[in-house]
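A quick write-up on the structure given underneath.
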Amino acid sequence: MVKQGPAKKLTIYIDETDKFGGKPVYEVLMDIFYKKKIAGVSVFRGVAGYGTDGVFHTSKMLELSTSMPMKIEVVDSEEMINKVLPDVYHVVEKGLVEITETNVIKCCPKALEKKEEVEKRMKLEGKAKMLRVIVSEDDKWEGEPLYEAIIKRFIMMDIAGATVYKAIAGYGPHRRFHKKKTLTSTGEMPILITVIDTEENINKVLPILDDMVKEGIVILSDVNVIKYVHRDVNPEML
């Protein structure tokens, strides 16, 4: 099963006319990967290309070539990839087989695992950390509001949850008093982002904040979670 973190990518380049035991090689490989419980496989058919024969092939709408290159990609743990390599070596008589190191940033676990993850988050009680980030609503990060960019990073890094507050009045180090006006949609009002999570998870995002928050305040404090109630979540909606 694919999980976040280091993994292996197996890439196989063949020709769609290649056969093994009378069947297309890519179909034989798909059967092997399925029976060996490989997490997932993607098969791509080229629209143009050439191989060792030096003949250029192209796929046209009304005249489909029967000799186009195929690429099969598999991403799984090193253990699972090593398990299928002998079969791949046996089936692929001509072509190219490549293994590269990769890093899974995001994957889609099964519904049961999602449910377990949600239940685990619902048990956040006891000692934890509160992270507060104060920036200006005008601050930008690569063209988008800084606070939105920060929230996206938190989601990507599996932070339990974050709340964004927009101030209606305040002043900062420049000692200029700011007040939210009814007809003003943007300005220099402070934005407060609050996060409560485990110390381990909070520590993961601190280097990111150090890079993104050029002017503002980042506050970290100890808290004791007395009760953490989360509404029921349908794992299919995650």
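Residues are referred to by chain and number: the chain letter is A, B, ... according to the order shown in the structure tokens, the number counts from 1 in that chain, and ligands are numbered separately from 1 in the order shown.
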Exercise for review: Compile the contact shell of segment 138-141 of chain A as a list in words: residues with an atom at most 12 Å away, counting only C-alpha atoms, same-chain residues fewer than 5 positions apart removed.
Suggested key: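 My list of contacting residues is Leu146, Tyr147, Glu148, Ala149, Ile150, Ile151, Lys152, Arg153, Lys166, Ser185, Thr186, Gly187, Glu188, Met189, Pro190, Ile191, Leu209, Asp211, Met212, Val213, Lys214, Glu215 and Gly216 of chain A.
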Check your understanding: Got a sec: who's within 10 Å of segment 84-89 of chain A, counting only C-alpha atoms, leaving out chain neighbours fewer than 6 positions off, as a list in words?
Key ->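 Answer for this query is Leu10, Ile12, Val25, Val28, Leu29, Ile32, Phe33, Lys36, Lys37, Ile38, Val97 and Ile99 of chain A.
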Those same residues, written as a PDB file, in the first residue's frame with N, CA, C and O atoms?
ATOM      1  N   LEU A  10       8.561   2.270 -10.567  1.00  0.00           N
ATOM      2  CA  LEU A  10       8.963   1.327 -11.612  1.00  0.00           C
ATOM      3  C   LEU A  10       8.345   1.789 -12.922  1.00  0.00           C
ATOM      4  O   LEU A  10       7.127   1.933 -13.026  1.00  0.00           O
ATOM      5  N   ILE A  12       8.231   1.048 -17.103  1.00  0.00           N
ATOM      6  CA  ILE A  12       8.524   0.052 -18.137  1.00  0.00           C
ATOM      7  C   ILE A  12       8.132   0.630 -19.494  1.00  0.00           C
ATOM      8  O   ILE A  12       6.991   1.051 -19.692  1.00  0.00           O
ATOM      9  N   VAL A  25       2.086  -7.574 -23.911  1.00  0.00           N
ATOM     10  CA  VAL A  25       2.918  -7.546 -22.709  1.00  0.00           C
ATOM     11  C   VAL A  25       2.300  -6.677 -21.611  1.00  0.00           C
ATOM     12  O   VAL A  25       2.326  -7.044 -20.430  1.00  0.00           O
ATOM     13  N   VAL A  28      -0.292  -8.585 -19.719  1.00  0.00           N
ATOM     14  CA  VAL A  28       0.318  -9.606 -18.860  1.00  0.00           C
ATOM     15  C   VAL A  28       0.859  -8.959 -17.587  1.00  0.00           C
ATOM     16  O   VAL A  28       0.678  -9.473 -16.472  1.00  0.00           O
ATOM     17  N   LEU A  29       1.535  -7.820 -17.744  1.00  0.00           N
ATOM     18  CA  LEU A  29       2.087  -7.121 -16.589  1.00  0.00           C
ATOM     19  C   LEU A  29       0.986  -6.612 -15.659  1.00  0.00           C
ATOM     20  O   LEU A  29       1.112  -6.683 -14.426  1.00  0.00           O
ATOM     21  N   ILE A  32      -0.153  -9.438 -13.525  1.00  0.00           N
ATOM     22  CA  ILE A  32       0.847  -9.752 -12.491  1.00  0.00           C
ATOM     23  C   ILE A  32       0.758  -8.755 -11.343  1.00  0.00           C
ATOM     24  O   ILE A  32       0.730  -9.130 -10.161  1.00  0.00           O
ATOM     25  N   PHE A  33       0.716  -7.466 -11.692  1.00  0.00           N
ATOM     26  CA  PHE A  33       0.674  -6.425 -10.661  1.00  0.00           C
ATOM     27  C   PHE A  33      -0.602  -6.546  -9.811  1.00  0.00           C
ATOM     28  O   PHE A  33      -0.570  -6.325  -8.599  1.00  0.00           O
ATOM     29  N   LYS A  36      -0.273  -9.566  -7.462  1.00  0.00           N
ATOM     30  CA  LYS A  36       0.733  -9.349  -6.415  1.00  0.00           C
ATOM     31  C   LYS A  36       0.358  -8.190  -5.495  1.00  0.00           C
ATOM     32  O   LYS A  36       1.142  -7.779  -4.655  1.00  0.00           O
ATOM     33  N   LYS A  37      -0.864  -7.658  -5.689  1.00  0.00           N
ATOM     34  CA  LYS A  37      -1.420  -6.608  -4.821  1.00  0.00           C
ATOM     35  C   LYS A  37      -0.622  -5.304  -4.853  1.00  0.00           C
ATOM     36  O   LYS A  37      -0.445  -4.634  -3.840  1.00  0.00           O
ATOM     37  N   ILE A  38      -0.133  -4.954  -6.048  1.00  0.00           N
ATOM     38  CA  ILE A  38       0.481  -3.646  -6.228  1.00  0.00           C
ATOM     39  C   ILE A  38      -0.612  -2.574  -6.098  1.00  0.00           C
ATOM     40  O   ILE A  38      -1.730  -2.757  -6.581  1.00  0.00           O
ATOM     41  N   VAL A  97      13.399  -1.129 -18.701  1.00  0.00           N
ATOM     42  CA  VAL A  97      12.842  -1.181 -17.352  1.00  0.00           C
ATOM     43  C   VAL A  97      13.676  -0.262 -16.464  1.00  0.00           C
ATOM     44  O   VAL A  97      14.902  -0.393 -16.413  1.00  0.00           O
ATOM     45  N   ILE A  99      13.999   1.847 -12.589  1.00  0.00           N
ATOM     46  CA  ILE A  99      13.559   2.043 -11.206  1.00  0.00           C
ATOM     47  C   ILE A  99      14.204   3.322 -10.680  1.00  0.00           C
ATOM     48  O   ILE A  99      15.415   3.501 -10.797  1.00  0.00           O
TER      49      ILE A  99
END
Practice item. Might you pull out every residue within 10 Å of Asp15 of chain A, with only C-alpha atoms counted and same-chain residues fewer than 2 positions away left off, and present them as an MDAnalysis selection string? Key: chainID A and resid 13 17:19 24:26 45:46 51 66:71 94:95
Practice item. Go through A:Ile202, A:Ile105, A:Met80, A:Phe44 one by one, measure the shortest atom-to-atom distance of each to Glu16 of chain A using only C-alpha atoms, and give the residue with the smallest value. Key: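 Of A:Ile202, A:Ile105, A:Met80, A:Phe44, the one nearest Glu16 of chain A is A:Phe44, counting only C-alpha atoms.
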Exercise for review: Write out as a PyMOL selection string which residues come within 12 Å of segment 75-78 of chain A when counting only C-alpha atoms, dropping same-chain ones fewer than 4 positions away.
Suggested key: chain A and resi 1-12+33+36-42+82-85+98-104+107
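With atom CA of Val223 of chain A on one side and atom CA of Met156 of chain A on the other, the separation reads 23.6 Å.
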Review point. What is the atom CA of Ile14 of chain A to atom CA of Ile72 of chain A distance in Å?
Key: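 Distance between the two atoms: 8.3 Å.
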Point to revise | Counting only C-alpha atoms, the residue of A:Glu79, A:Glu137, A:Glu142, A:Lys127 that sits nearest Asp197 of chain A | key: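 When distances to Asp197 of chain A are compared using only C-alpha atoms, the smallest one comes from A:Lys127.
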Practice item. Give me, please, the distance in Å between atom CA of Leu206 of chain A and atom CA of Asn224 of chain A, quoted to one decimal. Key: 20.2 Å
